[in-house]
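Right, one structure below, let's go through it.
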Amino acid sequence: MIQNRPMVNPFTSHGSLTFSHTTFKMATRSRKGKKCTVIGGCGFLGQYIVERLLEEGYKVNVFDMAQTFEDDRVKFFVGDLCQEKDLAPAISDVQTVFHCASPPPSSDDRDLFYRVNFIGTKDIINACKKAGVQKLVLTSSASVVYEGTDIKNGTEDLPYAKKPMDYYTETKVLQEKEVLAANSSEENFFTVAIRPHGIFGPRDRQLVPILVDTARAGKTKFMIGNGENLVDFTYVVNVAHGHLLAAEHLYKDSPVCGKAFHITNDEPIPFWTFMSRILEGLNYPSPKMGLPYLLIYYLAAFLQLLCLLLKPIKEFKPTFTPMRVALAGTYHYYSCQRAKQLMGYKPLVPVDEAIKLTVKGYAHLQNKN
Ligand SMILES: NC(=O)C1=CN([C@@H]2O[C@H](COP(=O)(O)OP(=O)(O)OC[C@H]3O[C@@H](n4cnc5c(N)ncnc54)[C@H](OP(=O)(O)O)[C@@H]3O)[C@@H](O)[C@H]2O)C=CC1
Ligand SMILES: CC(C)CCC[C@@H](C)[C@H]1CC[C@H]2C3=C(CC[C@]12C)[C@@]1(C)CCC(=O)[C@@H](C)[C@@H]1CC3
């Protein structure tokens, strides 16, 4: 049954996607007839991964909580990844599993994150091994090393965050560790973790929708900090491309096995320049003046504490959480040199074009006033 989110056909809802796909030829081995499963394949990134896989000749199963699009070439399985009985049929007889399911980072449900991202990922690893799956590609996050302070051109060798800023990040760390540790030549089971940052593009369910909501509430009059901090925003097509390359490079004795890879647009951009381009593209005013970063950060931390205390009486969800304020006011961009070297990664769509495609994809959120 098809449920929930507006139903889209990824092949017609965003015609310009084909630009980069058809012009790019994957360099490596034959992939015809390969079978794979995308867990979370109905989500934002998941759908783009599915789209690329189909173009590259894979047979694709999608496993998700609900079916949100239709495609005759895809076999859909609906269920909860934490339930072995739900998952097992979706991964039987496949060579590769892509795991890009997660609760949304905006949730504050610690138990849900722990159950899905940590326990659920361990369940996926076990189920894959049991089913004879050979490759597991995890969508991790560059935020696994982020603690709210500047990161400039950070490499994958940075230590995991000792004090992750939210439950989402905390469980992404636990999840990534499990997946990388599960890589085993002896068991013929190869794993890799892709760490994207700030994924954007048409059909994204958080970045643009939250930004537009914030603008409509009149809360984007000021920027946080001086507006100079560079940040990675990564076009979703490039992220999907990185996932396929990783899968292609997972085989016995490959240097890709058991490693994490940043996948970015390799074009860091000031946070507020990026936000302003989206806002102006959608006809909303962009912020011109900056507020002191630390002041806003401590206000957000205080507000978060207040919300926690008031939770038994009434639930509030502040727009400016400490994590969002930190993301908006610090430098955090990452080197994707490792992905370039070991799997021939190169972003397919540059930031400038990606912003234009994204603005076009959100015509329905244009400010009409
Ligand atoms: N967006 C970003 O900027 C970044 C995202 N990532 C990672 O990329 C991945 C994809 O993110 P994105 O596409 O934005 O997220 P989405 O929320 O769009 O997609 C996630 C999908 O996973 C599904 N899902 C959640 N819980 C379960 C479950 N228990 N069983 C089965 N399916 C489940 C969701 O279903 P439902 O909607 O019904 O809950 C949804 O369809 C995530 O792992 C995220 O951590 C990493 C870096 C940056
Ligand atoms: C100041 C405005 C209210 C900001 C509105 C935009 C934000 C909602 C996004 C800006 C940076 C985004 C981001 C993520 C979510 C959406 C934003 C906060 C992530 C936390 C998503 C999950 C990840 O794994 C991280 C790497 C992302 C970092 C950037």
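Please note that chains go A, B, ... in the order of the structure tokens, that every chain numbers its residues from 1, and that ligands are numbered from 1 in the order shown.
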Requested in this report: Name the residues, by chain letter and number, that sit within 10 Å of ligand 2 using only C-alpha atoms and all ligand atoms, and give them as an MDAnalysis selection string.
Outcome: chainID A and resid 102 104:106 139:146 166 168:169 172 195:200 204:215 219:220 222:224 231:234 271:272 274:275 318:321 323:329 332
Requested in this report: Just the residues within 12 Å of Leu112 of chain A, please, counting only C-alpha atoms, with nothing from its chain fewer than 2 positions along; format it as number ranges by chain.
Outcome: A: 80, 82, 102-105, 107-110, 114-120, 167-168, 171
Query raised in the report: What are the DSSP strand (DSSP E or B) residues of segment 85-332 of chain A, as a PyMOL selection string?
Result: chain A and resi 96-99+135-139+151-154+184+189-196+199-200+222-224+230-231+234-235+259-263+269-270+289-291+332
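Comparing the minimum interatomic distances between Phe69 of chain A and each of A:Gly46, A:Ser254, A:Ile39, A:Leu87, counting only C-alpha atoms, we find that A:Gly46 sits nearest.
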Requested in this report: DSSP on the backbone, then: every residue of segment 123-315 of chain A marked alpha helix (DSSP H), written as a ChimeraX atom specification.
Outcome: /A:123-131,167-181,207-216,236-248,271-281,293-310
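Proximity to Gln341 of chain A was assessed for A:Val173, A:Thr273, A:Lys129, A:Pro255 counting only C-alpha atoms; the smallest distance is recorded for A:Pro255.
Minimum atom-to-atom distances from A:Tyr293, A:Tyr58, A:Phe76, A:Tyr284 to ligand 1 were compared using only C-alpha atoms and all ligand atoms, and the lowest value belongs to A:Phe76.
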**Report entry** Point-to-point distance in Å for atom CA of Thr358 of chain A and atom CA of Pro202 of chain A
**Finding:** 5.0 Å
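Within 10 Å of Thr37 of chain A, once only C-alpha atoms are used and residues closer than 4 positions along the same chain are dropped, the contacting residues are Gly41, Val50, Tyr58, Lys59, Val60, Asn61, Val62, Phe63, Val74, Lys75, Phe76, Phe77, Ala90, Ile91, Ser92, Asp93, Val94, Gln95, Thr96, Val97, Phe98, His99, Val133 and Leu136 of chain A.
For the atom pair formed by atom CA of Phe190 of chain A and atom CA of Lys177 of chain A, the distance is 13.9 Å, given to one decimal.
Distances to Pro347 of chain A were evaluated for A:Phe302, A:Leu279, A:His243, A:Glu176 using only C-alpha atoms, and the minimum falls at A:His243.
If you look at atom 11 (O, counted along the ligand's line) of ligand 1 and atom CA of Gly227 of chain A, they are 26.4 Å away from each other.
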